[in-house]
Every structure is written in C-alpha cells, then in structure tokens.
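Taking it in order: structure first as structure tokens, then the write-up.
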Amino acid sequence: MAELTGGELVARVLRQAGVGHIFTLCGGHILPIYDGCLTEGIRVIDMRHEQAAAHAGDAYARLTRGIGVAVVTAGPGVTDAVTGVANAASARSPLLLIGGAAPQAAAPSRTSSRWRCSARSRRVRGRWRRHAGSPRS
C-alpha cells in the first residue's frame, strides 16, 4: 500500500462525504490539500479573500443542500473566515471550515538548549544550577 499525505487523506474523506468543490484562498500551509483534491477530482475554487471563501461555501451549501467547504490558511486566514462561519451557523447551513497549520519547528538540539533557562533551573551565586531531577544537557 502506498503512503498517503495528510492532504490526500483530507481530500479522500471530503470525496467520501460527497464534496465536489472547495472554496479557498491559496496559501502554503494548505497546498497538500490542493494536491489531494486534484487527485480525488474535487474542484478547487480560488477566492480573493478568506471571508469570501467562507461565504461562498455557505452559499454553495444552501443552494445544493450539501456540505460547503472552505479551506483557509493558518492564523489570520481562519480569523478572516469567522464572519462567514457565523452566517452559516445562524442559517443552520452545513459549512466545514478547514484551517491550515504552520509546520512545526524541529525540536531543539541538545547543544542549542544547553544555555536555555528552564523552570527547573535557578540562579545561584551568578551561575545557573539545575534542580534535582531536571534533564541533563
């Protein structure tokens, strides 16, 4: 069995739910979802603003009586879509908002965390001392 990306899994679940269109504003955090949608045959409709994507998803849901889907980037993208989500909620319209997430930074290496202060460290006579039980560097 071939490995699937997270974007391909999202697109597969959307296809199984009967979704044929997603409304979005292109962003780097959600590019794998676009790739998956193209593979699954889901039409990607690019909008000019995240709020417009949410409103379009709401309108699509109302007109087709299916699920409207808006895909936006992390942070301000999700915040911009809130008005469209609120309108869909007040109209009891089935709107799914998918917000991207920034990639997680790699865990710091031992050498870079060596000089970092932790909650288990305390300053004693001008030097940092570790409390008993704290991890060693």
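Each chain in the structure tokens gets a letter, A, B and so on, in the order shown; residues start at 1 in every chain, and ligands are counted from 1 in the order they appear.
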Leaving out Thr5 of chain A and any residue of its chain fewer than 4 positions from it, which residues lie within 12 Å of it when counting only C-alpha atoms, given as a compact mmCIF listing (two decimals) with C-alpha atoms, in the first residue's frame?
# COMPACT_ATOMS: atom_id res chain seq x y z
CA LEU A 9 -6.33 11.83 3.33
CA VAL A 10 -8.30 15.06 3.80
CA ALA A 11 -9.32 15.04 0.13
CA ARG A 12 -10.30 11.37 0.26
CA ILE A 30 -2.72 24.06 2.63
CA LEU A 31 -1.00 23.16 -0.65
CA PRO A 32 -1.02 19.40 0.12
CA ILE A 33 -4.81 19.55 0.40
CA TYR A 34 -4.99 21.04 -3.10
CA ASP A 35 -2.84 18.21 -4.46
CA GLY A 36 -5.15 15.68 -2.84
CA CYS A 37 -8.25 17.41 -4.19
CA THR A 39 -6.15 13.63 -7.34
6 Å contact set for Ala54 of chain A, only C-alpha atoms, chain neighbours under 4 positions out, as a PDB file with N, CA and C atoms, in the first residue's frame:
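This went into selection-v5.pdb:
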ATOM      1  N   ALA A  70     -14.844  25.401   3.027  1.00  0.00           N
ATOM      2  CA  ALA A  70     -13.889  26.495   2.845  1.00  0.00           C
ATOM      3  C   ALA A  70     -12.565  26.052   3.470  1.00  0.00           C
ATOM      4  N   ALA A  81     -12.220  34.261   8.187  1.00  0.00           N
ATOM      5  CA  ALA A  81     -13.362  33.440   7.769  1.00  0.00           C
ATOM      6  C   ALA A  81     -14.467  33.366   8.817  1.00  0.00           C
ATOM      7  N   GLY A  84     -18.125  34.519   7.866  1.00  0.00           N
ATOM      8  CA  GLY A  84     -18.832  33.563   7.017  1.00  0.00           C
ATOM      9  C   GLY A  84     -19.309  32.351   7.792  1.00  0.00           C
TER      10      GLY A  84
END
Skipping near chain neighbours, those fewer than 2 positions away, what residues fall within 9 Å of Ala88 of chain A using only C-alpha atoms, listed as an MDAnalysis selection string? chainID A and resid 54:55 57:59 61:62 83:86 90:95
Kindly export the residues of the current selection with all heavy atoms, as an mmCIF file, in the first residue's frame.
data_model
loop_
_atom_site.group_PDB
_atom_site.id
_atom_site.type_symbol
_atom_site.label_atom_id
_atom_site.label_comp_id
_atom_site.auth_asym_id
_atom_site.auth_seq_id
_atom_site.Cartn_x
_atom_site.Cartn_y
_atom_site.Cartn_z
ATOM 1 N N ALA A 54 -15.458 31.577 2.817
ATOM 2 C CA ALA A 54 -16.441 31.068 3.773
ATOM 3 C C ALA A 54 -17.863 31.385 3.327
ATOM 4 O O ALA A 54 -18.753 30.532 3.408
ATOM 5 C CB ALA A 54 -16.174 31.650 5.161
ATOM 6 N N HIS A 55 -18.092 32.594 2.831
ATOM 7 C CA HIS A 55 -19.430 32.945 2.344
ATOM 8 C C HIS A 55 -19.808 32.102 1.130
ATOM 9 O O HIS A 55 -20.961 31.702 0.977
ATOM 10 C CB HIS A 55 -19.505 34.431 2.006
ATOM 11 C CG HIS A 55 -19.620 35.318 3.204
ATOM 12 N ND1 HIS A 55 -20.668 35.268 4.083
ATOM 13 C CD2 HIS A 55 -18.787 36.282 3.679
ATOM 14 C CE1 HIS A 55 -20.500 36.158 5.040
ATOM 15 N NE2 HIS A 55 -19.352 36.785 4.820
ATOM 16 N N GLY A 57 -18.720 29.062 0.474
ATOM 17 C CA GLY A 57 -19.036 27.728 0.984
ATOM 18 C C GLY A 57 -20.427 27.677 1.589
ATOM 19 O O GLY A 57 -21.173 26.710 1.384
ATOM 20 N N ASP A 58 -20.800 28.712 2.301
ATOM 21 C CA ASP A 58 -22.145 28.817 2.872
ATOM 22 C C ASP A 58 -23.190 28.853 1.765
ATOM 23 O O ASP A 58 -24.183 28.117 1.806
ATOM 24 C CB ASP A 58 -22.226 30.066 3.748
ATOM 25 C CG ASP A 58 -23.610 30.336 4.304
ATOM 26 O OD1 ASP A 58 -24.391 29.381 4.470
ATOM 27 O OD2 ASP A 58 -23.910 31.514 4.567
ATOM 28 N N ALA A 59 -22.990 29.687 0.757
ATOM 29 C CA ALA A 59 -23.945 29.790 -0.351
ATOM 30 C C ALA A 59 -24.054 28.469 -1.103
ATOM 31 O O ALA A 59 -25.155 28.035 -1.469
ATOM 32 C CB ALA A 59 -23.527 30.908 -1.300
ATOM 33 N N ALA A 61 -23.577 25.487 0.085
ATOM 34 C CA ALA A 61 -24.323 24.552 0.926
ATOM 35 C C ALA A 61 -25.820 24.839 0.874
ATOM 36 O O ALA A 61 -26.633 23.917 0.793
ATOM 37 C CB ALA A 61 -23.818 24.626 2.364
ATOM 38 N N ARG A 62 -26.188 26.098 0.906
ATOM 39 C CA ARG A 62 -27.614 26.449 0.861
ATOM 40 C C ARG A 62 -28.243 26.082 -0.481
ATOM 41 O O ARG A 62 -29.369 25.604 -0.536
ATOM 42 C CB ARG A 62 -27.797 27.944 1.107
ATOM 43 C CG ARG A 62 -27.470 28.384 2.510
ATOM 44 C CD ARG A 62 -27.797 29.840 2.687
ATOM 45 N NE ARG A 62 -27.122 30.417 3.832
ATOM 46 C CZ ARG A 62 -27.451 31.583 4.351
ATOM 47 N NH1 ARG A 62 -28.426 32.295 3.822
ATOM 48 N NH2 ARG A 62 -26.788 32.045 5.396
ATOM 49 N N THR A 83 -16.650 35.476 10.059
ATOM 50 C CA THR A 83 -17.953 36.069 9.728
ATOM 51 C C THR A 83 -18.769 35.127 8.849
ATOM 52 O O THR A 83 -19.969 34.948 9.071
ATOM 53 C CB THR A 83 -17.763 37.423 9.024
ATOM 54 O OG1 THR A 83 -16.999 38.268 9.871
ATOM 55 C CG2 THR A 83 -19.096 38.070 8.729
ATOM 56 N N GLY A 84 -18.125 34.519 7.866
ATOM 57 C CA GLY A 84 -18.832 33.563 7.017
ATOM 58 C C GLY A 84 -19.309 32.351 7.792
ATOM 59 O O GLY A 84 -20.399 31.832 7.549
ATOM 60 N N VAL A 85 -18.507 31.896 8.729
ATOM 61 C CA VAL A 85 -18.893 30.756 9.570
ATOM 62 C C VAL A 85 -20.071 31.139 10.470
ATOM 63 O O VAL A 85 -21.009 30.359 10.645
ATOM 64 C CB VAL A 85 -17.694 30.267 10.411
ATOM 65 C CG1 VAL A 85 -18.116 29.211 11.410
ATOM 66 C CG2 VAL A 85 -16.602 29.735 9.496
ATOM 67 N N ALA A 86 -20.044 32.351 11.009
ATOM 68 C CA ALA A 86 -21.151 32.814 11.858
ATOM 69 C C ALA A 86 -22.444 32.912 11.059
ATOM 70 O O ALA A 86 -23.517 32.524 11.547
ATOM 71 C CB ALA A 86 -20.805 34.165 12.482
ATOM 72 N N SER A 90 -25.820 30.744 11.815
ATOM 73 C CA SER A 90 -27.133 31.342 12.084
ATOM 74 C C SER A 90 -28.191 30.860 11.102
ATOM 75 O O SER A 90 -29.367 30.816 11.435
ATOM 76 C CB SER A 90 -27.036 32.866 12.078
ATOM 77 O OG SER A 90 -26.751 33.327 10.769
ATOM 78 N N ALA A 91 -27.777 30.471 9.909
ATOM 79 C CA ALA A 91 -28.720 29.948 8.910
ATOM 80 C C ALA A 91 -28.825 28.421 8.982
ATOM 81 O O ALA A 91 -29.544 27.820 8.184
ATOM 82 C CB ALA A 91 -28.264 30.355 7.515
ATOM 83 N N ARG A 92 -28.103 27.808 9.902
ATOM 84 C CA ARG A 92 -28.050 26.358 10.040
ATOM 85 C C ARG A 92 -27.626 25.687 8.732
ATOM 86 O O ARG A 92 -28.167 24.671 8.317
ATOM 87 C CB ARG A 92 -29.375 25.800 10.536
ATOM 88 C CG ARG A 92 -29.749 26.329 11.894
ATOM 89 C CD ARG A 92 -30.953 25.626 12.462
ATOM 90 N NE ARG A 92 -31.353 26.214 13.711
ATOM 91 C CZ ARG A 92 -30.870 25.850 14.894
ATOM 92 N NH1 ARG A 92 -29.950 24.940 14.967
ATOM 93 N NH2 ARG A 92 -31.299 26.416 15.990
ATOM 94 N N SER A 93 -26.641 26.290 8.123
ATOM 95 C CA SER A 93 -26.093 25.807 6.855
ATOM 96 C C SER A 93 -24.871 24.939 7.144
ATOM 97 O O SER A 93 -24.007 25.332 7.920
ATOM 98 C CB SER A 93 -25.707 27.020 6.006
ATOM 99 O OG SER A 93 -25.116 26.626 4.815
ATOM 100 N N PRO A 94 -24.760 23.763 6.524
ATOM 101 C CA PRO A 94 -23.614 22.885 6.799
ATOM 102 C C PRO A 94 -22.343 23.369 6.119
ATOM 103 O O PRO A 94 -22.118 23.123 4.946
ATOM 104 C CB PRO A 94 -24.058 21.528 6.242
ATOM 105 C CG PRO A 94 -25.033 21.861 5.174
ATOM 106 C CD PRO A 94 -25.711 23.139 5.594
ATOM 107 N N LEU A 95 -21.517 24.077 6.859
ATOM 108 C CA LEU A 95 -20.262 24.597 6.342
ATOM 109 C C LEU A 95 -19.121 23.991 7.138
ATOM 110 O O LEU A 95 -19.113 24.031 8.366
ATOM 111 C CB LEU A 95 -20.218 26.130 6.467
ATOM 112 C CG LEU A 95 -18.888 26.790 6.105
ATOM 113 C CD1 LEU A 95 -18.591 26.629 4.616
ATOM 114 C CD2 LEU A 95 -18.907 28.256 6.486
#
Atom pair atom CA of Arg15 of chain A + atom CA of Arg43 of chain A, distance 10.6 Å
From the set A:Thr73, A:Leu25, A:Val44, A:Val82, which residue has the shortest atom-to-atom contact distance to Pro103 of chain A, counting only C-alpha atoms? A:Thr73
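Ranking A:Gln104, A:Leu4, A:Ala56, A:Met47 by their shortest atom-to-atom distance to Gly27 of chain A, with only C-alpha atoms included, puts A:Met47 first.
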For Gly99 of chain A, which residue among A:Ile67, A:Asn87, A:Ile45, A:Gly28 is the nearest when counting only C-alpha atoms? A:Gly28
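Separating atom CA of Ile22 of chain A from atom CA of Tyr60 of chain A is a distance of 9.5 Å.
Between atom CA of Gln16 of chain A and atom CA of Val78 of chain A lies a distance of 24.4 Å.
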For Asp80 of chain A, please output as an MDAnalysis selection string all residues within 6 Å (counting only C-alpha atoms; exclusion window: fewer than 4 positions along the same chain). chainID A and resid 50:51 76
